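Structure record follows, encoded as structure tokens.
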Amino acid sequence: MIEVTGLTVRYGGVTSLDDMSLTFEQGTCGLIGPNGAGKTTFFNVLSGFVRPAAGTVRAFGVDLLSMAHFRRARWGVRRTFQTEQAIEELSVFDNVAMVHEHSRLGAATRRKDVLDAIEFTGLADVAPDAKVRTLTAGQRRLVEVARAVVGRPRLVLLDEPAAGLPEVESSRLADVIRGIPEHTGALTILVDHDMSLVSACCATTAVLDFGKLIASGPTAAVLRNDGVIRAYLGVA
Amino acid sequence: MTGVETTGSAAAAVAGQRLPLLRRPQRPVHLSVTVILVLFILFALPQLMSLYYTGYMTLVAIYSIVTLGLGLLVGRVGLYSLGQGAILQIGAWTAARLLFATAQPFPLVIIEAGLVTMLIGTLIGLPAIRLRGLYLALITLMFAGAITVVLATVNFPNGGRGFTGYNGNQVHIPPIRRPSIAGTDAAYFRYAVVVALLMFVLVYVHLRTRPGRAWAAIRQSEPSALASGINATFYKLWAWALASFITGIAGGVLAGNAHYLYSVNFSTQDSIILLAVALMGGVYNLWGAVIAALLMQLLPGILQNLGVSYAWLTILFGIGVLQVLTTAPAGLADQVPRDLARLGRFLRRRFGKPAPAARSTP
């Protein structure tokens with residue numbers, strides 16, 4: 001459960017998030033909107049890379065804004081980025097284990113947890129000691145998802161995970177994303193422009209436009225909403 | 001093959017069993033070559049070398065520690081420091097003072113010198129690591145210049161009594177002492193090699209464990225490292241402290257090697273040359289540090305022996321850096337083996353029997 005109230009972010013004269021309030025309850029939630037609507041800024045606020053000018057963010061009763069970025073990651077705010085971020089020179093195992101070891105979860109269950117996360121993402125057919133630089137783009141995306149779900153994540157933020165992936169890998173990714181809440185218990189927020197991915201994964205969806213929330217609710221209803229079609233989806 | 005297996009999760013689980021930190025060496029050939037080389041350097045080389053080259057090779061051993069530290073900062077963490085010459089000076093200065101003022105054993109003194117240097121280096125690193133790239137390089141270069149000026153002004157210790165004594169007499173200066181087991185030049189060479197080896201092991205262990213992984217993450221992308229829960233500032237400072245520590249130890253060994261230290265022998269330019277040779281040797285590979293030290297310390301000796309002015313080196317290093325930056329970003333440590341293999345393939349194709357892989361089966 002995450003509650004955001006009155007969130008405002010300004011970059012110089014540009015207002016990226018404008019007094020935005022929203023609540024995500026549980027499961028996998030979609031966050032959509034045109035480019036520049038403030039979706040990534042919202043993720044940056046949640047993960048601590050951007051300090052908002054105003055507003056509060058509470059996740060599972062905890063005030064997120066008072067925590068430093070790396071402490072939020074240790075606490076359980078995990079995210080992927082639009083650009084590829086898996087560490088090329090390390091193995092798949094080390095990439096995932098690194099998040100676990102910095103989350104202070106103890107070394108006793110590390111191997112099990114890491115292999116578990118790798119298997120969950122469907123990367124089991126890749127050797128855990130394979131270097132990430134030898135993997136395909138789709139596999140690297142899965143490594144990033146494994147990094148996000150290893151151990152005890154509370155909030156998983158996926159920023160356009162399917163961008164640039166071919167159809168087959170995108171649908172494989174959708175299966176994984178749908179399973180995250182059940183597998184980890186974490187609230188998952190998915191930002192993507194691929195509406196088939198969003199509707200396949202998310203029961204509820206919120207729509208941002210010019211830094212404001214213009215709609216939220218069950219995904220199917222939101223995608224039929226006139227305001228959303230006008231602002232983002234376009235007339236079919 | 002790229003290590004991608006297709007036999008499913010059973011194979012993955014088996015591979016997962018092979019991942020403890022102290023795994024069996026992945027490249028036993030490399031390891032045995034390294035061991036043989038080290039034994040040769042320790043036991044055979046001092047007998048084969050003239051006194052002239054023993055002196056230069058001792059400097060190579062000492063400076064390989066400095067370039068190791070710099071390679072760690074540049075290659076593993078992405079911090080460009082132009083102040084390593086000054087850090088080395090602080091280590092040498094501290095060790096020399098301690099050796100004059102106290103009767104502590106030599107190894108203890110160089111460790112203390114390393115710790116003092118680490119402290120000073122970390123204090124400088126604290127503000128400096130907030131900067132990156134060009135600005136960090138500029139700040140550290142100015143620091144190097146400042147240290148040079150300060151030490152020249154306060155009279156670098158040439159053998160006065162106690163911590164602050166300065167002996168203005170240029171004739172009867174007591175030399176900086178060496179460890180009792182390494183009084184001769186050949187023995188001191190061995191001593192320096194052993195110290196260098198220990199420092200390489202120290203850095204190697206770091207690279208193979210948690211800090212090494214954290215540094216790799218930071219170098220590739222700091223936001224991603226932070227999002228993995230890595231305290232990037234802490235680990236950058238750790239790298240800075242480790243590099244300062246080993247450079248301080250190198251300074252201590254340098255003080256014992258030189259017998260006499262004069263501030264004029266440490267120029268700010270050394271700090272720049274250090275970065276140049278570290279890049280040429282290769283900062284992503286521990287061998288690169290050894291190559292860098294050979295370039296910086298042995299090459300002048302060879303040129304001098306041949307009667308060539310070593311002022312040519314500055315030009316040579318300039319061309320060398322240009323060469324490395326344009327054709328081999330990973331330095332000579334990466335380029336030379338690769339090009340030798342390519343040459344070998346070429347020669348086999350040209351003159352010899354066809355390569356085994358190309359031979360058709362009967």
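Simple scheme: letters A, B, ... for chains in structure tokens order, numbers from 1 for residues in each chain, numbers from 1 for ligands in the order shown.
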Checklist entry - Could you pull the residues within 8 Å of His193 in chain A, counting only C-alpha atoms, minus those fewer than 3 positions along the same chain, as a PyMOL selection string? => result chain A and resi 32-33+160+198
Checklist entry - Got a sec: who's within 8 Å of range 239-255 of chain B, counting only C-alpha atoms, leaving out chain neighbours fewer than 3 positions off, as a VMD selection string? => result chain B and resid 59 62 to 63 65 to 66 68 to 70 72 to 73 77 84 87 to 96 109 to 111 113 to 119 121 to 122 125 176 192 196 199 235 to 236 258 to 261
For the selection just defined, write its residues with N, CA and C atoms to a file, as a compact mmCIF listing (two decimals), in the first residue's frame.
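Okay, out-v9.txt is ready:
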# COMPACT_ATOMS: atom_id res chain seq x y z
N LEU B 59 62.74 0.33 -7.80
CA LEU B 59 61.77 1.40 -8.03
C LEU B 59 60.53 0.88 -8.77
N ILE B 62 58.34 -0.72 -6.24
CA ILE B 62 57.68 0.28 -5.40
C ILE B 62 56.57 0.99 -6.17
N TYR B 63 56.90 1.42 -7.39
CA TYR B 63 55.92 2.20 -8.15
C TYR B 63 54.78 1.33 -8.67
N ILE B 65 53.14 -0.53 -6.86
CA ILE B 65 52.11 -0.38 -5.82
C ILE B 65 51.33 0.92 -6.07
N VAL B 66 52.08 1.97 -6.44
CA VAL B 66 51.42 3.27 -6.68
C VAL B 66 50.47 3.17 -7.86
N LEU B 68 49.18 0.50 -8.98
CA LEU B 68 48.09 -0.41 -8.59
C LEU B 68 46.97 0.39 -7.93
N GLY B 69 47.35 1.27 -7.01
CA GLY B 69 46.35 2.10 -6.33
C GLY B 69 45.63 3.01 -7.30
N LEU B 70 46.40 3.60 -8.21
CA LEU B 70 45.80 4.52 -9.17
C LEU B 70 44.89 3.76 -10.14
N LEU B 72 43.29 1.10 -9.48
CA LEU B 72 42.09 0.78 -8.70
C LEU B 72 41.10 1.94 -8.78
N LEU B 73 41.61 3.15 -8.56
CA LEU B 73 40.73 4.32 -8.57
C LEU B 73 40.15 4.57 -9.96
N VAL B 77 36.77 2.14 -10.08
CA VAL B 77 35.74 3.03 -9.52
C VAL B 77 35.45 4.21 -10.44
N GLN B 84 48.43 11.27 -7.01
CA GLN B 84 49.03 10.09 -6.38
C GLN B 84 50.50 10.32 -6.03
N ILE B 87 50.47 11.77 -2.67
CA ILE B 87 50.13 10.76 -1.66
C ILE B 87 51.38 9.92 -1.35
N LEU B 88 52.11 9.57 -2.41
CA LEU B 88 53.35 8.81 -2.24
C LEU B 88 54.34 9.60 -1.38
N GLN B 89 54.42 10.90 -1.65
CA GLN B 89 55.31 11.76 -0.90
C GLN B 89 54.95 11.78 0.58
N ILE B 90 53.66 11.84 0.87
CA ILE B 90 53.22 11.85 2.26
C ILE B 90 53.66 10.56 2.95
N GLY B 91 53.52 9.44 2.25
CA GLY B 91 53.94 8.16 2.81
C GLY B 91 55.44 8.15 3.08
N ALA B 92 56.21 8.61 2.11
CA ALA B 92 57.67 8.61 2.24
C ALA B 92 58.09 9.53 3.38
N TRP B 93 57.48 10.69 3.43
CA TRP B 93 57.81 11.68 4.45
C TRP B 93 57.52 11.12 5.84
N THR B 94 56.32 10.53 6.00
CA THR B 94 55.93 9.99 7.30
C THR B 94 56.88 8.88 7.72
N ALA B 95 57.18 7.98 6.79
CA ALA B 95 58.05 6.85 7.13
C ALA B 95 59.44 7.34 7.50
N ALA B 96 59.96 8.28 6.73
CA ALA B 96 61.30 8.80 7.01
C ALA B 96 61.36 9.40 8.40
N VAL B 109 56.88 0.48 10.78
CA VAL B 109 56.93 1.88 10.34
C VAL B 109 56.20 2.06 9.02
N ILE B 110 56.41 1.13 8.07
CA ILE B 110 55.74 1.35 6.78
C ILE B 110 54.23 1.15 6.90
N ILE B 111 53.82 0.28 7.82
CA ILE B 111 52.37 0.14 8.02
C ILE B 111 51.81 1.42 8.63
N ALA B 113 53.08 4.36 8.27
CA ALA B 113 53.10 5.35 7.18
C ALA B 113 51.87 5.18 6.30
N GLY B 114 51.54 3.89 6.02
CA GLY B 114 50.35 3.62 5.22
C GLY B 114 49.09 4.13 5.89
N LEU B 115 49.00 3.94 7.20
CA LEU B 115 47.80 4.35 7.92
C LEU B 115 47.68 5.88 7.97
N VAL B 116 48.81 6.55 8.23
CA VAL B 116 48.78 8.02 8.26
C VAL B 116 48.38 8.55 6.89
N THR B 117 48.99 7.96 5.84
CA THR B 117 48.66 8.38 4.48
C THR B 117 47.19 8.12 4.18
N MET B 118 46.69 7.00 4.67
CA MET B 118 45.29 6.67 4.44
C MET B 118 44.40 7.73 5.08
N LEU B 119 44.77 8.13 6.29
CA LEU B 119 43.97 9.14 7.00
C LEU B 119 43.96 10.45 6.22
N GLY B 121 44.81 10.92 3.06
CA GLY B 121 44.17 10.70 1.76
C GLY B 121 42.66 10.69 1.87
N THR B 122 42.14 10.08 2.93
CA THR B 122 40.69 10.02 3.09
C THR B 122 40.11 11.40 3.38
N GLY B 125 39.96 12.93 0.23
CA GLY B 125 38.96 12.25 -0.59
C GLY B 125 37.54 12.64 -0.23
N ILE B 176 68.52 7.26 5.76
CA ILE B 176 67.31 6.61 6.26
C ILE B 176 67.60 5.12 6.33
N ALA B 192 61.22 -5.21 -1.36
CA ALA B 192 60.23 -4.37 -2.04
C ALA B 192 59.26 -5.24 -2.84
N ALA B 196 55.29 -5.43 -2.39
CA ALA B 196 54.40 -5.19 -3.54
C ALA B 196 53.44 -6.36 -3.71
N MET B 199 50.63 -6.21 -1.31
CA MET B 199 49.67 -5.17 -1.69
C MET B 199 48.78 -5.64 -2.84
N TYR B 235 31.64 3.46 -0.48
CA TYR B 235 32.53 2.56 -1.22
C TYR B 235 33.56 3.32 -2.03
N LYS B 236 33.19 4.50 -2.51
CA LYS B 236 34.19 5.32 -3.22
C LYS B 236 35.28 5.76 -2.25
N ALA B 258 65.71 5.01 -0.96
CA ALA B 258 66.46 6.19 -1.38
C ALA B 258 67.59 6.54 -0.41
N HIS B 259 67.44 6.16 0.87
CA HIS B 259 68.38 6.56 1.91
C HIS B 259 68.28 8.05 2.23
N TYR B 260 68.17 8.87 1.18
CA TYR B 260 68.04 10.31 1.39
C TYR B 260 66.85 10.77 0.58
N LEU B 261 66.05 11.64 1.18
CA LEU B 261 64.91 12.17 0.44
C LEU B 261 65.07 13.66 0.25
Next on the checklist: For Thr56 in chain A, find every residue with an atom within 12 Å (counting only C-alpha atoms), except residues of its own chain fewer than 4 positions away, and show them as a PyMOL selection string.
Outcome noted: chain A and resi 2-9+19-23+45-46+51-52+61-66
Against chain B, which residues of chain A fall within 8 Å? For each one I want the closest pair of atoms and the distance in Å (one decimal), counting only C-alpha atoms, rows by chain and increasing residue number, as a Markdown table.
| residue | atom | partner | partner_atom | distance |
| --- | --- | --- | --- | --- |
| A:Ser47 | CA | B:Ala227 | CA | 7.2 |
| A:Phe49 | CA | B:Pro223 | CA | 7.9 |
| A:His69 | CA | B:Leu226 | CA | 6.4 |
| A:Phe70 | CA | B:Gly229 | CA | 4.2 |
| A:Arg71 | CA | B:Gly229 | CA | 6.1 |
| A:Arg72 | CA | B:Gly229 | CA | 7.3 |
| A:Ala73 | CA | B:Gly229 | CA | 4.6 |
| A:Arg74 | CA | B:Gly229 | CA | 5.0 |
| A:Arg78 | CA | B:Ala227 | CA | 6.5 |
| A:Arg79 | CA | B:Ala227 | CA | 6.6 |
| A:Phe81 | CA | B:Ser224 | CA | 7.8 |
| A:Gln85 | CA | B:Ser224 | CA | 6.1 |
| A:Ile87 | CA | B:Ala217 | CA | 6.0 |
| A:Glu89 | CA | B:Ala216 | CA | 7.5 |
| A:Leu90 | CA | B:Arg213 | CA | 7.6 |
| A:Phe93 | CA | B:Gly16 | CA | 7.9 |
| A:Asp94 | CA | B:Arg213 | CA | 7.7 |
| A:Met98 | CA | B:Arg213 | CA | 7.2 |
| A:Val99 | CA | B:Ser228 | CA | 4.9 |
| A:His102 | CA | B:Gly229 | CA | 5.5 |
| A:Ser103 | CA | B:Gly229 | CA | 6.3 |
| A:Arg111 | CA | B:Gly16 | CA | 7.6 |
| A:Leu115 | CA | B:Gly16 | CA | 7.3 |
| A:Glu119 | CA | B:Ser9 | CA | 7.4 |
| A:Ala124 | CA | B:Ser9 | CA | 4.9 |
| A:Asp125 | CA | B:Gly8 | CA | 4.8 |
| A:Val126 | CA | B:Val4 | CA | 5.0 |
| A:Ala127 | CA | B:Ala12 | CA | 5.3 |
| A:Pro128 | CA | B:Gly16 | CA | 6.2 |
| A:Asp129 | CA | B:Ala15 | CA | 7.0 |
| A:Ala130 | CA | B:Gly3 | CA | 5.3 |
| A:Lys131 | CA | B:Gly3 | CA | 8.0 |
| A:Thr134 | CA | B:Thr2 | CA | 5.9 |
| A:Arg147 | CA | B:Ser228 | CA | 7.7 |
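Those residues that approach Tyr310 in chain B to within 7 Å, counting only C-alpha atoms, are Pro300, Leu303 and Gln304 of chain B; same-chain residues fewer than 6 positions away are not listed.
Pairwise distance (CA of Gly133 in chain B, CA of Leu274 in chain B) equals 16.3 Å.
For Ala215 in chain A, the set of protein, DNA and RNA residues having any atom at most 9 Å away, when counting only C-alpha atoms and skipping those fewer than 4 positions along the same chain, is Thr205, Ala206, Val207, Leu208, Val222, Asn225, Gly227 and Val228 of chain A.
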Checklist entry - Quick one, how far is CA of Leu98 in chain B from CA of Glu112 in chain B? => result 8.6 Å
Checklist entry - What is the CA of Gly30 in chain A to CA of Val191 in chain A distance in Å? => result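 Distance between the two atoms: 6.1 Å.
Restricting the calculation to only C-alpha atoms, the smallest distance between Thr184 in chain B and any of B:Ile129, B:Leu51, B:Leu306, B:Val38 is found for B:Leu51.
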Checklist entry - Hey, what's within 8 Å of Ala200 in chain A if we count only C-alpha atoms and toss same-chain stuff fewer than 4 positions away? As a ChimeraX atom specification, please? => result /A:174,178,196
Next, the residues of the selection above should be written as a PDB file, in the first residue's frame with N, CA and C atoms.
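Here's the written file result-v8.pdb:
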ATOM      1  N   ALA A 174       5.837 -10.460 -19.393  1.00  0.00           N
ATOM      2  CA  ALA A 174       4.521 -10.196 -18.786  1.00  0.00           C
ATOM      3  C   ALA A 174       4.170 -11.283 -17.768  1.00  0.00           C
ATOM      4  N   ARG A 178       3.499 -10.393 -13.813  1.00  0.00           N
ATOM      5  CA  ARG A 178       2.232 -10.751 -13.176  1.00  0.00           C
ATOM      6  C   ARG A 178       2.461 -11.554 -11.908  1.00  0.00           C
ATOM      7  N   SER A 196      -0.854  -3.569 -24.261  1.00  0.00           N
ATOM      8  CA  SER A 196      -1.201  -4.978 -24.099  1.00  0.00           C
ATOM      9  C   SER A 196      -0.460  -5.541 -22.884  1.00  0.00           C
TER      10      SER A 196
END
Item to check | Spatial neighbours of Glu25 in chain A, max dist 12 Å, only C-alpha atoms, sep filter under 4 positions, as a list in words | outcome: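 Here the qualifying residues turn out to be Met1, Ile2, Glu3, Val4, Cys29, Gly30, Arg58, Ala59, Phe60, Leu155, Pro181, Ala186, Leu187, Thr188, Ile189, Cys202, Ala203, Thr204, Thr205, Ala206, Ser216, Gly217 and Pro218 of chain A.
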Next on the checklist: I'd like to know which residues of range 10-227 of chain A are strand (DSSP E or B) (by DSSP, run on the backbone); could you write them as an NGL selection string?
Outcome noted: :A and (10-11 or 14-24 or 28-32 or 54-59 or 62-63 or 77-79 or 91 or 131 or 155-159 or 187-191 or 204-209 or 212-218)
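Among the candidate residues A:Ala86, A:Ile214, A:Val114, A:Met67, the one lying nearest to Asp18 in chain A is A:Ile214, with distances computed using only C-alpha atoms.
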